[in-house]
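Trainee: This is upload_28.txt, which holds compact mmCIF, C-alpha atoms and all ligand atoms:
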# COMPACT_ATOMS: atom_id res chain seq x y z
CA MET A 121 37.49 6.13 -2.16
CA ASP A 122 39.13 3.76 0.31
CA LEU A 123 40.80 0.64 -1.11
CA SER A 124 42.53 -0.25 2.14
CA THR A 125 42.34 -3.73 3.62
CA THR A 126 44.62 -6.01 5.63
CA PHE A 127 47.20 -8.72 5.03
CA MET A 128 48.28 -10.76 8.04
CA GLY A 129 46.31 -8.30 10.11
CA ILE A 130 48.44 -5.37 8.93
CA LYS A 131 46.73 -2.50 7.18
CA ILE A 132 47.62 -2.18 3.50
CA ALA A 133 46.59 0.67 1.20
CA ASN A 134 44.97 -1.58 -1.39
CA PRO A 135 44.28 -5.31 -1.92
CA LEU A 136 47.06 -5.98 -4.47
CA ILE A 137 49.92 -8.02 -3.00
CA VAL A 138 52.80 -8.98 -5.27
CA SER A 139 53.26 -12.67 -4.53
CA SER A 140 56.45 -14.50 -3.73
CA SER A 141 58.45 -14.95 -6.95
CA GLY A 142 61.36 -13.55 -8.92
CA LEU A 143 59.38 -10.29 -8.98
CA THR A 144 60.27 -9.82 -5.33
CA GLY A 145 63.74 -11.40 -5.31
CA THR A 146 65.81 -8.21 -4.90
CA ALA A 147 65.35 -4.91 -3.05
CA ASP A 148 65.24 -3.04 -6.38
CA LYS A 149 62.43 -5.23 -7.62
CA VAL A 150 60.52 -4.78 -4.39
CA LYS A 151 60.88 -1.00 -4.82
CA GLU A 152 59.52 -1.31 -8.35
CA CYS A 153 56.43 -3.08 -6.93
CA ALA A 154 55.94 -0.39 -4.29
CA ASP A 155 56.41 2.41 -6.86
CA ALA A 156 53.80 0.76 -9.06
CA GLY A 157 51.34 1.00 -6.16
CA ALA A 158 51.28 -2.52 -4.66
CA GLY A 159 49.73 -2.76 -1.20
CA ALA A 160 52.38 -5.22 0.05
CA VAL A 161 54.95 -7.71 -1.22
CA VAL A 162 55.91 -11.23 -0.28
CA LEU A 163 59.60 -11.82 -0.88
CA LYS A 164 60.84 -14.75 -2.90
CA SER A 165 60.84 -17.89 -0.76
CA LEU A 166 63.82 -19.07 1.19
CA PHE A 167 63.87 -22.80 0.58
CA GLU A 168 64.26 -25.31 3.30
CA GLU A 169 66.84 -27.04 1.14
CA GLN A 170 68.89 -23.87 1.19
CA ILE A 171 69.12 -24.22 4.94
CA VAL A 172 69.34 -27.97 5.15
CA THR A 173 71.97 -28.37 2.47
CA GLY A 174 73.59 -25.01 3.03
CA LYS A 175 73.15 -23.95 -0.58
CA ASP A 176 72.06 -20.38 -1.21
CA THR A 177 72.56 -19.21 -4.75
CA ILE A 178 69.23 -20.42 -6.01
CA ILE A 179 67.41 -17.23 -5.08
CA SER A 180 69.13 -15.36 -7.85
CA GLN A 181 70.10 -18.32 -9.98
CA ASP A 182 66.91 -19.74 -11.30
CA ASP A 183 63.32 -19.05 -10.48
CA MET A 184 62.41 -22.42 -11.78
CA TYR A 185 64.18 -24.11 -8.91
CA PHE A 186 60.99 -23.50 -6.98
CA TRP A 187 59.25 -26.05 -9.07
CA TYR A 188 61.95 -28.68 -8.74
CA PRO A 189 62.53 -29.12 -5.02
CA GLN A 190 64.61 -32.23 -5.66
CA ALA A 191 66.92 -30.58 -8.17
CA ILE A 192 69.74 -30.08 -5.70
CA ASP A 193 72.31 -30.22 -8.50
CA PHE A 194 71.14 -26.75 -9.54
CA VAL A 195 72.75 -25.43 -6.46
CA ASN A 196 76.31 -24.40 -5.67
CA ASN A 197 78.19 -25.02 -2.46
CA PHE A 198 77.60 -22.45 0.21
CA SER A 199 77.58 -22.68 3.95
CA LYS A 200 74.35 -22.81 5.89
CA GLY A 201 75.09 -19.41 7.39
CA GLU A 202 75.56 -17.84 3.98
CA GLY A 203 72.25 -19.29 2.77
CA ILE A 204 70.21 -17.71 5.48
CA GLY A 205 72.47 -14.63 5.53
CA THR A 206 71.67 -13.84 1.90
CA TYR A 207 68.01 -13.97 2.69
CA LEU A 208 68.26 -11.82 5.81
CA ARG A 209 70.15 -9.19 3.81
CA LEU A 210 67.37 -9.26 1.21
CA ILE A 211 64.79 -8.56 3.94
CA GLU A 212 66.83 -5.71 5.40
CA ALA A 213 67.48 -4.10 2.03
CA ALA A 214 63.84 -4.46 0.95
CA LYS A 215 62.61 -2.93 4.20
CA LYS A 216 64.95 0.03 3.74
CA SER A 217 63.81 0.68 0.20
CA VAL A 218 60.01 0.78 0.69
CA SER A 219 57.38 1.80 3.23
CA ILE A 220 54.78 -0.86 2.32
CA PRO A 221 54.74 -4.08 4.37
CA VAL A 222 57.40 -6.61 3.34
CA MET A 223 56.64 -10.22 4.15
CA ALA A 224 59.25 -12.95 4.14
CA SER A 225 58.43 -16.36 2.69
CA ILE A 226 59.76 -19.73 3.61
CA ASN A 227 59.22 -22.92 1.73
CA CYS A 228 59.04 -25.75 4.22
CA VAL A 229 58.67 -29.48 4.03
CA THR A 230 59.55 -30.48 7.61
CA PRO A 231 59.11 -28.93 11.06
CA TRP A 232 62.74 -29.63 12.00
CA GLU A 233 65.38 -27.46 10.40
CA TRP A 234 64.33 -24.06 9.49
CA PRO A 235 61.78 -22.83 12.08
CA ARG A 236 64.83 -22.01 14.23
CA PHE A 237 65.74 -19.39 11.64
CA ALA A 238 62.32 -17.80 11.79
CA ALA A 239 63.47 -15.63 14.71
CA ASP A 240 66.33 -14.26 12.58
CA ILE A 241 63.83 -13.39 9.89
CA GLU A 242 61.77 -11.52 12.45
CA LYS A 243 64.87 -9.66 13.69
CA SER A 244 65.73 -8.62 10.14
CA GLY A 245 62.57 -6.55 10.08
CA ALA A 246 60.10 -8.64 8.06
CA ASP A 247 56.57 -7.51 8.82
CA GLY A 248 55.25 -11.05 8.62
CA ILE A 249 56.14 -14.56 7.43
CA GLU A 250 54.34 -16.48 4.75
CA LEU A 251 54.80 -20.23 5.05
CA ASN A 252 54.86 -21.78 1.65
CA ILE A 253 54.26 -25.38 2.66
CA PHE A 254 54.08 -28.26 0.24
CA ILE A 255 54.67 -31.86 1.10
CA PRO A 256 54.57 -33.83 -2.14
CA PRO A 257 51.97 -36.60 -1.80
CA THR A 258 54.19 -38.99 -3.72
CA ASN A 259 55.35 -41.29 -0.92
CA ILE A 260 53.29 -44.48 -0.81
CA ASN A 261 53.91 -44.87 2.91
CA LEU A 262 52.75 -41.39 3.83
CA THR A 263 49.08 -41.23 4.81
CA GLY A 264 46.93 -38.17 4.21
CA TYR A 265 46.61 -37.77 7.96
CA LYS A 266 50.40 -37.77 8.46
CA ILE A 267 50.84 -35.15 5.75
CA GLU A 268 48.25 -32.90 7.34
CA GLU A 269 49.86 -33.37 10.76
CA THR A 270 53.18 -32.22 9.33
CA TYR A 271 51.56 -28.97 8.13
CA MET A 272 50.26 -28.38 11.66
CA ASP A 273 53.65 -29.22 13.22
CA ILE A 274 55.45 -26.78 10.95
CA ILE A 275 53.04 -23.99 11.82
CA HIS A 276 53.36 -24.74 15.56
CA GLU A 277 57.14 -24.67 15.37
CA VAL A 278 57.21 -21.34 13.58
CA ARG A 279 54.73 -19.80 15.97
CA LYS A 280 56.95 -20.83 18.87
CA ASN A 281 59.84 -18.90 17.33
CA VAL A 282 58.25 -15.64 16.20
CA GLU A 283 55.73 -13.05 17.25
CA ILE A 284 55.18 -11.43 13.87
CA PRO A 285 52.05 -12.43 11.93
CA ILE A 286 51.97 -15.63 9.90
CA ALA A 287 50.24 -16.46 6.62
CA VAL A 288 49.97 -20.05 5.42
CA LYS A 289 50.06 -20.54 1.66
CA VAL A 290 48.96 -23.96 0.47
CA GLY A 291 47.92 -25.83 -2.62
CA PHE A 292 44.65 -27.73 -2.96
CA TYR A 293 46.09 -31.25 -2.89
CA PHE A 294 44.31 -32.46 0.23
CA THR A 295 41.86 -35.33 0.55
CA SER A 296 39.62 -33.26 2.76
CA LEU A 297 40.44 -29.73 1.79
CA TYR A 298 37.81 -28.00 3.88
CA ARG A 299 38.71 -29.89 7.06
CA THR A 300 42.43 -29.25 6.60
CA LEU A 301 41.99 -25.55 5.96
CA TYR A 302 39.65 -25.33 8.92
CA LYS A 303 42.24 -27.02 11.16
CA ILE A 304 44.98 -24.72 9.91
CA SER A 305 42.77 -21.69 10.45
CA ASN A 306 42.28 -22.65 14.10
CA LEU A 307 46.01 -22.35 14.73
CA ASP A 308 47.66 -19.11 15.74
CA ILE A 309 47.98 -17.70 12.22
CA ASN A 310 46.59 -14.61 10.51
CA SER A 311 45.93 -15.45 6.88
CA LEU A 312 45.31 -18.35 4.57
CA VAL A 313 46.65 -17.87 1.06
CA LEU A 314 44.67 -19.99 -1.39
CA PHE A 315 46.11 -21.45 -3.54
CA ASN A 316 49.73 -21.78 -4.53
CA ARG A 317 50.24 -22.95 -8.09
CA TYR A 318 52.95 -25.51 -8.55
CA PHE A 319 55.02 -26.20 -11.60
CA ARG A 320 53.29 -28.35 -14.22
CA PRO A 321 55.89 -30.24 -16.22
CA ASP A 322 55.32 -30.87 -19.89
CA ILE A 323 57.12 -33.03 -22.47
CA ASP A 324 58.95 -31.78 -25.55
CA ILE A 325 58.22 -34.63 -27.99
CA ASP A 326 61.04 -33.69 -30.40
CA ASN A 327 63.78 -33.83 -27.79
CA MET A 328 61.94 -36.20 -25.45
CA ARG A 329 62.69 -34.04 -22.47
CA VAL A 330 60.68 -32.58 -19.67
CA VAL A 331 60.22 -28.87 -20.23
CA ALA A 332 59.19 -25.99 -18.01
CA GLN A 333 56.81 -24.06 -20.19
CA ASN A 334 53.73 -23.73 -18.00
CA ALA A 335 55.24 -21.53 -15.34
CA PHE A 336 52.56 -18.85 -15.65
CA SER A 337 48.89 -19.24 -14.89
CA SER A 338 46.06 -18.39 -17.29
CA PRO A 339 43.04 -16.26 -16.41
CA HIS A 340 40.66 -19.25 -16.50
CA GLU A 341 42.51 -20.77 -13.53
CA ILE A 342 40.86 -18.22 -11.28
CA THR A 343 37.75 -20.38 -10.84
CA LEU A 344 39.31 -22.93 -8.49
CA THR A 345 40.28 -20.27 -5.97
CA LEU A 346 37.05 -18.39 -6.49
CA ARG A 347 35.06 -21.48 -5.54
CA TRP A 348 36.99 -22.11 -2.35
CA ILE A 349 37.13 -18.51 -1.21
CA ALA A 350 33.35 -18.36 -1.65
CA LEU A 351 32.79 -21.66 0.18
CA LEU A 352 35.06 -20.71 3.08
CA TYR A 353 33.92 -17.11 3.42
CA GLY A 354 32.16 -16.60 6.75
CA LYS A 355 33.07 -20.12 7.90
CA ILE A 356 36.74 -19.59 8.53
CA ASN A 357 37.73 -17.00 10.99
CA LYS A 358 40.94 -15.85 9.27
CA GLU A 359 41.79 -13.60 6.34
CA LEU A 360 41.32 -15.34 3.03
CA ILE A 361 43.90 -14.17 0.53
CA ALA A 362 43.12 -15.26 -3.02
CA ALA A 363 45.92 -16.38 -5.34
CA THR A 364 46.27 -17.95 -8.79
CA GLY A 365 44.74 -16.86 -12.05
CA ILE A 366 44.04 -13.23 -11.13
CA HIS A 367 45.05 -11.44 -14.32
CA ASP A 368 42.81 -8.37 -14.53
CA TYR A 369 40.83 -5.97 -12.36
CA GLN A 370 37.72 -8.05 -12.93
CA GLY A 371 39.53 -10.98 -11.31
CA VAL A 372 40.32 -8.88 -8.25
CA ILE A 373 36.68 -7.75 -7.94
CA LYS A 374 35.44 -11.34 -8.33
CA GLN A 375 37.65 -12.54 -5.52
CA ILE A 376 36.47 -9.77 -3.20
CA LEU A 377 32.84 -10.52 -4.07
CA ALA A 378 33.63 -14.13 -3.16
CA GLY A 379 35.00 -12.99 0.20
CA ALA A 380 38.74 -12.42 -0.23
CA THR A 381 40.39 -9.92 2.09
CA ALA A 382 43.09 -9.23 -0.51
CA VAL A 383 44.66 -10.93 -3.54
CA GLN A 384 48.13 -11.99 -4.62
CA ILE A 385 49.25 -11.48 -8.19
CA CYS A 386 52.22 -12.86 -10.05
CA SER A 387 51.81 -14.19 -13.63
CA THR A 388 49.96 -11.12 -14.85
CA LEU A 389 52.88 -8.93 -13.71
CA TYR A 390 55.41 -11.18 -15.45
CA LYS A 391 53.32 -10.83 -18.61
CA ASN A 392 52.31 -7.16 -18.46
CA GLY A 393 55.12 -5.65 -16.39
CA VAL A 394 54.99 -4.55 -12.76
CA SER A 395 53.51 -1.15 -13.67
CA TYR A 396 50.33 -3.08 -14.52
CA VAL A 397 49.50 -2.78 -10.79
CA GLY A 398 48.45 0.80 -11.57
CA THR A 399 46.13 -0.35 -14.37
CA LEU A 400 44.51 -2.87 -12.02
CA LEU A 401 43.98 -0.20 -9.36
CA ASP A 402 42.40 2.15 -11.92
CA GLY A 403 40.08 -0.66 -13.04
CA ILE A 404 39.00 -1.41 -9.47
CA ARG A 405 38.33 2.28 -8.76
CA ASP A 406 36.31 2.72 -11.97
CA TRP A 407 34.19 -0.34 -11.17
CA MET A 408 33.58 0.86 -7.61
CA THR A 409 32.59 4.30 -8.89
CA ARG A 410 30.17 2.73 -11.37
CA LYS A 411 28.62 0.61 -8.61
CA GLY A 412 28.65 3.33 -5.96
CA TYR A 413 30.95 1.56 -3.48
CA GLU A 414 33.28 3.60 -1.32
CA ASN A 415 35.26 0.81 0.29
CA LEU A 416 35.95 -2.91 -0.11
CA ASP A 417 33.90 -3.92 2.92
CA SER A 418 30.73 -2.75 1.23
CA PHE A 419 30.94 -5.50 -1.37
CA ARG A 420 33.24 -8.13 0.16
CA GLY A 421 31.56 -11.54 0.21
CA LEU A 422 28.39 -10.16 -1.39
CA VAL A 423 28.06 -13.00 -3.86
CA ALA A 424 29.17 -15.73 -1.44
CA ARG A 425 26.57 -14.74 1.15
CA ASN A 426 23.66 -15.58 -1.13
CA GLU A 427 22.58 -19.20 -0.47
CA GLU A 428 21.71 -19.90 -4.08
CA ASN A 429 25.23 -18.95 -5.03
CA THR A 430 26.65 -21.25 -2.36
CA ALA A 431 24.85 -24.11 -4.08
CA ALA A 432 26.45 -23.07 -7.35
CA PHE A 433 29.92 -23.03 -5.82
CA GLU A 434 29.33 -26.48 -4.31
CA ARG A 435 28.14 -27.97 -7.58
CA VAL A 436 30.70 -30.02 -9.47
CA GLN A 437 28.62 -31.94 -11.98
CA PHE A 438 27.49 -30.16 -15.11
CA MET A 439 23.74 -29.80 -15.57
CA ARG A 440 21.91 -28.87 -18.73
CA LYS A 441 20.37 -25.91 -16.89
CA ASN A 442 23.86 -24.40 -16.35
CA THR A 443 25.57 -25.23 -19.57
CA GLY A 444 22.75 -25.23 -22.09
CA ALA A 445 24.44 -28.30 -23.62
C1 LIG B 501 58.64 -17.77 -11.78
C2 LIG B 501 57.84 -18.00 -10.53
C3 LIG B 501 58.49 -18.15 -9.31
C4 LIG B 501 57.74 -18.40 -8.15
N1 LIG B 501 58.38 -18.53 -6.95
C5 LIG B 501 57.64 -18.72 -5.81
C6 LIG B 501 58.26 -18.79 -4.54
O1 LIG B 501 59.48 -18.68 -4.39
N2 LIG B 501 57.47 -18.99 -3.45
C7 LIG B 501 56.10 -19.11 -3.53
O2 LIG B 501 55.42 -19.28 -2.50
N3 LIG B 501 55.48 -19.03 -4.73
C8 LIG B 501 56.21 -18.85 -5.86
N4 LIG B 501 55.59 -18.76 -7.07
C9 LIG B 501 54.12 -18.87 -7.11
C10 LIG B 501 53.46 -17.50 -7.13
O3 LIG B 501 53.76 -16.76 -5.95
C11 LIG B 501 51.93 -17.60 -7.26
O4 LIG B 501 51.39 -18.16 -6.08
C12 LIG B 501 51.48 -18.44 -8.45
O5 LIG B 501 52.22 -18.10 -9.61
C13 LIG B 501 50.00 -18.25 -8.73
O6 LIG B 501 49.66 -16.89 -8.91
P1 LIG B 501 49.46 -16.25 -10.39
O7 LIG B 501 48.36 -16.99 -11.04
O8 LIG B 501 49.12 -14.81 -10.12
O9 LIG B 501 50.75 -16.42 -11.11
C14 LIG B 501 56.31 -18.50 -8.22
C15 LIG B 501 55.69 -18.33 -9.46
C16 LIG B 501 56.42 -18.09 -10.61
C17 LIG B 501 55.70 -17.92 -11.91
Turn this file's structure into structure tokens for me.
Ligand SMILES: Cc1cc2nc3c(=O)[nH]c(=O)nc-3n(C[C@H](O)[C@H](O)[C@H](O)COP(=O)(O)O)c2cc1C

Mentor:
Amino acid sequence: MDLSTTFMGIKIANPLIVSSSGLTGTADKVKECADAGAGAVVLKSLFEEQIVTGKDTIISQDDMYFWYPQAIDFVNNFSKGEGIGTYLRLIEAAKKSVSIPVMASINCVTPWEWPRFAADIEKSGADGIELNIFIPPTNINLTGYKIEETYMDIIHEVRKNVEIPIAVKVGFYFTSLYRTLYKISNLDINSLVLFNRYFRPDIDIDNMRVVAQNAFSSPHEITLTLRWIALLYGKINKELIAATGIHDYQGVIKQILAGATAVQICSTLYKNGVSYVGTLLDGIRDWMTRKGYENLDSFRGLVARNEENTAAFERVQFMRKNTGA
């Protein structure tokens, strides 16, 4: 049975990619992912603030920094060179410790500062770069169009600086999601990673403080990605990599039936341990054996291709026929 597929155009042995997070923040952790059977890993993101402000300890200091881009006070004083240097050493060490593809990840909010460092990332041996772009839509003077343009500018700038493949990981906060993803897919990139899941602050009503307790996704969150992978399948000429809410082997199969080339997993590994990759692979193989499939291509997009199903994925209003209510 052949579980191989691609990520950023590079062949990977199976569709399970450990997504950018604390799970991929050190070479030892990356090795753990590879030993568990992951097809590829995306390293923890290097944050634009780390370059702009010259602060670098956040990679190891606190995963939650990712969700608080403005929380500069988390960060100690380090020079710009040290910030990027720490990350380049992580890439080199990770590459030495495993034979699966190792992708770097950069969190970017502007096209100015960090694309210049993309070439260093390439030189350090990363097999590809995932751009984790999020421009918070919280500025009243910033139009939707301007925000979308900034995404395009960032991608252009990176492409100018590197030859390795590029994946673009985005959230779904766009006025015209389809159009934006279509425009991004027409740039010189290899994969679209849909969708990132951002921190969702909550309030502790006893202490009246904001708390970070929703860091991990739940399995029911898979449906948002499932819908968009299915709607984009066959219409966008780039790899669609599904992310968010994939917690079990059934989730992986669903995403491939919707048209995903591969999937990224994170929360389920935090909850079940990295060795859970093996359990997921066993589940996929068992299902394929039961259904008589020998490779992923034989069932990729099968459900999305059916026009009746497209109508179901486009539907947003509940109807009695669907809900029985
Ligand atoms: C603790 C933690 C740290 C994360 N750090 C990053 C990061 O540095 N860069 C990034 O692109 N995504 C980051 N993410 C998002 C994950 O890569 C993933 O896209 C998200 O959790 C949705 O996938 P899941 O439902 O499998 O968890 C992080 C997620 C968690 C839970």

Trainee: Around ligand LIG 501 (chain B), which protein and nucleic acid residues have at least one atom no more than 8 Å from it, if we count all atoms listed in the file? List them as a ChimeraX atom specification.

Mentor: /A:138-143,163-167,183-184,186-187,225-227,250-252,289,315-318,335-339,341-342,363-367,384-390

Trainee: Which residue, A:Asp308, A:Glu428, A:Asp148, A:Asp368, has the smallest gap to Val288 (chain A) when you use only C-alpha atoms?

Mentor: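 So, comparing all the options, the nearest one is A:Asp308.
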
Trainee: My list of candidates is A:Val394, A:Met128, A:Ile404, A:Leu352. Which is closest to Lys151 (chain A) when distances are computed with all atoms listed in the file?

Mentor: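 Checking each of A:Val394, A:Met128, A:Ile404, A:Leu352 against Lys151 (chain A), counting all atoms listed in the file, the winner is A:Val394.
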
Trainee: Can you measure CA of Asn306 (chain A) to CA of Arg420 (chain A) for me? One decimal in Å is fine.

Mentor: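 Going from CA of Asn306 (chain A) over to CA of Arg420 (chain A), I get 22.1 Å.
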
Trainee: Record the distance separating CA of Leu377 (chain A) and CA of Glu152 (chain A), expressed in Å with one decimal.

Mentor: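 Result for CA of Leu377 (chain A) versus CA of Glu152 (chain A): 28.5 Å, one decimal.
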
Trainee: So which residues are close to (55.5, -8.6, 2.1), meaning at most 10 Å away in the file's coordinates with all atoms listed in the file counted, and can you show them as an NGL selection string?

Mentor: :A and (127-128 or 137-140 or 144 or 150 or 159-164 or 211 or 214-215 or 220-225 or 246-250)

Trainee: Extract, using all atoms listed in the file, all DNA, RNA and protein residues at most 10 Å from region 271-282 of chain A, discarding same-chain residues fewer than 4 positions from it, and format them as a PyMOL selection string.

Mentor: chain A and resi 228-243+248-249+251+253-255+266-267+286-288+290+300+303-304+307-309

Trainee: Calculate how many Å separate CA of Gly379 (chain A) from CA of Ile284 (chain A), rounding to one decimal.

Mentor: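 Between CA of Gly379 (chain A) and CA of Ile284 (chain A) the gap works out to 24.4 Å.
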
Trainee: Nearest residue to Leu123 (chain A) out of A:Ile349, A:Val436, A:Ile356, A:Leu416, using only C-alpha atoms?

Mentor: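 For Leu123 (chain A), the nearest of the candidates is A:Leu416.
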
Trainee: Determine the nearest neighbour of Val397 (chain A) from the options A:Ile325, A:Leu210, A:Val372, A:Ala332, counting all atoms listed in the file.

Mentor: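 For Val397 (chain A), the nearest of the given residues is A:Val372.
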
Trainee: Between A:Leu346, A:Leu351, A:Val218, A:Ile130, which one has atoms that come closest to Tyr298 (chain A), using only C-alpha atoms?

Mentor: A:Leu351

Trainee: Using all atoms listed in the file, what residues lie at most 10 Å away from (57.7, -31.0, -17.1) (file coordinates), given as a ChimeraX atom specification?

Mentor: /A:187-188,319-324,329-335

Trainee: Calculated over only C-alpha atoms, which of the candidates A:Ile204, A:Ala431, A:Ile373, A:Leu312 has the smallest distance to Leu400 (chain A)?

Mentor: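 Going through A:Ile204, A:Ala431, A:Ile373, A:Leu312 one by one, the smallest distance to Leu400 (chain A) is for A:Ile373.
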
Trainee: Which neighbours of Ser244 (chain A) fall inside 8 Å, counting all atoms listed in the file, when residues of the same chain fewer than 5 positions from it are skipped, and could you give them as a ChimeraX atom specification?

Mentor: /A:208-209,211-212
